[in-house]
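Visitor: Take this structure, written in structure tokens, and hold onto it; I'll ask about it next.
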Amino acid sequence: MSTAPTTPGAGRYAPSPSGDLHLGNLRTAILAWVLARRTGRAFHLRVEDLDRVKEGSEQRQLEDLAAVGLDWDGEVVRQSGRGPAHQQAITKLEAQDRVFECYCTRREILEAPSAPHAPPGAYPGTCRDLSAAKREQGRARMRELRREPALRLRSDVTSWQVQDLWAGEVTGAVDDLVLQRGDGVVAYNLAVVVDDAAAGVDQVVRADDLLSSAPRQAHLAQLLGLPEPGYAHVPLAVNAHGTRLAKRDGAVTLRDRRDRGETAEEVVERIGRSLGVVGARSARDLLDRWDPATLPRHPWTVDLPD
Ligand code: GLU
């Protein structure tokens, strides 16, 4: 159940600094900003730098977001600086006996027979209820592999429901998801929940490749006693073949477009057209003129001149 906020909450954009933002990323960022500003919410930026970091990428992303007209409240948060809060959340779950060590390799998980009625790809439960002796064996094996055991959630639900602005009521699988990886890095699903709540984020706008993660995240929030946010997942940007847009698709970033003589305003105009708004030159114009109810529910096919 969502807890009704007493004050307008916040929206956010949370890029991974793994390269320049392409037009699909910028479109999602603009929509996150518009939805937040339109509802009187604050807007935060969080750099999700727990892995996949490319040198210099954070600065370039922030410059590009400013160039299309976004502003944000407060300091930019770096996820790598939030370790103590992430650990506190794991400790809280441990106190509820909801954490277990997992010694499985990725291959073992894929090859294990799945439990009846388990969603495809769900963790088969191998390490969930091991005896103390078996756990010792598992730890010894981890020492040989020079790895830490992963930490997983002992989940007592198999699905959870969230509300999405465009997709409506979405029910998705929840399994014994990873809380901390074998390399000691806290899992994305945990970090995102802890960091959103700490920033007062109650509106999560992002690309819809993460829609299936939302039920897991909302369930984690509930277990941690944190309010579950509302979601708004934006259809992905794709290339002419219908595949998710990527750097290899050519001149797809703001910087590429500028190198070809386009201005940031012209790039925003393209993004606006994909939303049915003609002549928008900045995020501000979209704030004034775009109606969220009209968002195309299919992927945005990005068709750019070379
Ligand atoms: N950092 C993720 C990405 O860049 C987004 C995570 C989120 O918005 O929850 O794909």
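Please note that chains go A, B, ... in the order of the structure tokens, that every chain numbers its residues from 1, and that ligands are numbered from 1 in the order shown.
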With only C-alpha atoms counted and 12 Å as the cut-off, give the residues of region 84-108 of chain A in contact with region 222-244 of chain A, each with its shortest interatomic distance in Å and the pair that gives it, as a tab-separated table.

Guide:
residue	atom	partner	partner_atom	distance
A:Ala85	CA	A:Leu224	CA	11.9
A:His86	CA	A:Leu224	CA	11.2
A:Gln88	CA	A:Leu224	CA	10.2
A:Ala89	CA	A:Leu224	CA	7.0
A:Ile90	CA	A:Leu224	CA	9.1
A:Thr91	CA	A:Leu224	CA	10.2
A:Lys92	CA	A:Leu224	CA	7.1
A:Leu93	CA	A:Leu224	CA	7.1
A:Glu94	CA	A:Leu224	CA	10.8
A:Ala95	CA	A:Leu224	CA	10.9
A:Gln96	CA	A:Leu223	CA	9.0
A:Asp97	CA	A:Leu223	CA	11.5
A:Arg98	CA	A:Leu223	CA	9.3
A:Val99	CA	A:Leu223	CA	11.8

Visitor: Counting only C-alpha atoms and all ligand atoms, which protein, DNA or RNA residues come within 6 Å of ligand 1, given as a PyMOL selection string?

Guide: chain A and resi 14-16+48+192+206

Visitor: Export N, CA, C and O atoms of the chosen residues as a CSV table (one decimal), in the first residue's frame?

Guide:
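After the write, out_3.csv holds the following:
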chain,number,residue,atom,x,y,z
A,14,ALA,N,18.0,9.1,-12.9
A,14,ALA,CA,19.1,8.4,-12.2
A,14,ALA,C,20.0,7.7,-13.2
A,14,ALA,O,19.9,6.4,-13.3
A,15,PRO,N,20.7,8.4,-14.0
A,15,PRO,CA,21.5,7.8,-15.1
A,15,PRO,C,22.7,7.0,-14.5
A,15,PRO,O,23.3,7.3,-13.5
A,16,SER,N,23.1,5.9,-15.2
A,16,SER,CA,24.4,5.3,-15.0
A,16,SER,C,25.4,6.0,-15.8
A,16,SER,O,25.2,6.1,-17.0
A,48,GLU,N,24.1,6.8,-10.8
A,48,GLU,CA,24.2,5.4,-10.3
A,48,GLU,C,25.5,4.8,-10.7
A,48,GLU,O,25.6,4.1,-11.7
A,192,VAL,N,18.5,1.4,-5.3
A,192,VAL,CA,17.5,2.3,-5.9
A,192,VAL,C,16.4,2.6,-4.9
A,192,VAL,O,15.9,3.8,-4.7
A,206,ARG,N,11.2,6.5,-15.6
A,206,ARG,CA,12.4,5.9,-16.2
A,206,ARG,C,11.9,5.0,-17.4
A,206,ARG,O,10.7,4.9,-17.7

Visitor: Kindly indicate which residue among A:Arg38, A:Arg107, A:Arg27, A:Arg46 lies nearest to Gly81 (chain A), using only C-alpha atoms for the distances.

Guide: A:Arg46

Visitor: Between A:Ala293, A:Ala67, A:Ala29, A:Ile109, which residue has the minimum interatomic distance to Leu165 (chain A), considering only C-alpha atoms?

Guide: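 For Leu165 (chain A), the nearest of the candidates is A:Ala293.
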
Visitor: Taking only C-alpha atoms into account, name the residue in A:Leu45, A:Ala112, A:Leu295, A:Leu31 that is nearest to Asp195 (chain A).

Guide: A:Leu45

Visitor: Have a look at A:Leu220, A:Leu211, A:Ala118, A:Val277 and name the one nearest to Trp166 (chain A); count only C-alpha atoms.

Guide: A:Leu211

Visitor: So, counting only C-alpha atoms, which residue among A:Asn189, A:Asn25, A:Gln203, A:Val76 is closest to Gly40 (chain A)?

Guide: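 With only C-alpha atoms as the atom set, the closest residue is A:Gln203.
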
Visitor: Please provide the set of residues having any atom within 9 Å of Gly272 (chain A), restricted to only C-alpha atoms, with same-chain residues fewer than 6 positions apart removed, written as a VMD selection string.

Guide: chain A and resid 27 278 to 283 285 to 286 290

Visitor: I need the alpha helix (DSSP H) residues of region 39-104 of chain A per DSSP on the backbone, written as a VMD selection string.

Guide: chain A and resid 57 to 67 83 to 95

Visitor: In Å, with one decimal, what is the gap from CA of Val302 (chain A) to CA of Arg255 (chain A)?

Guide: 15.9 Å
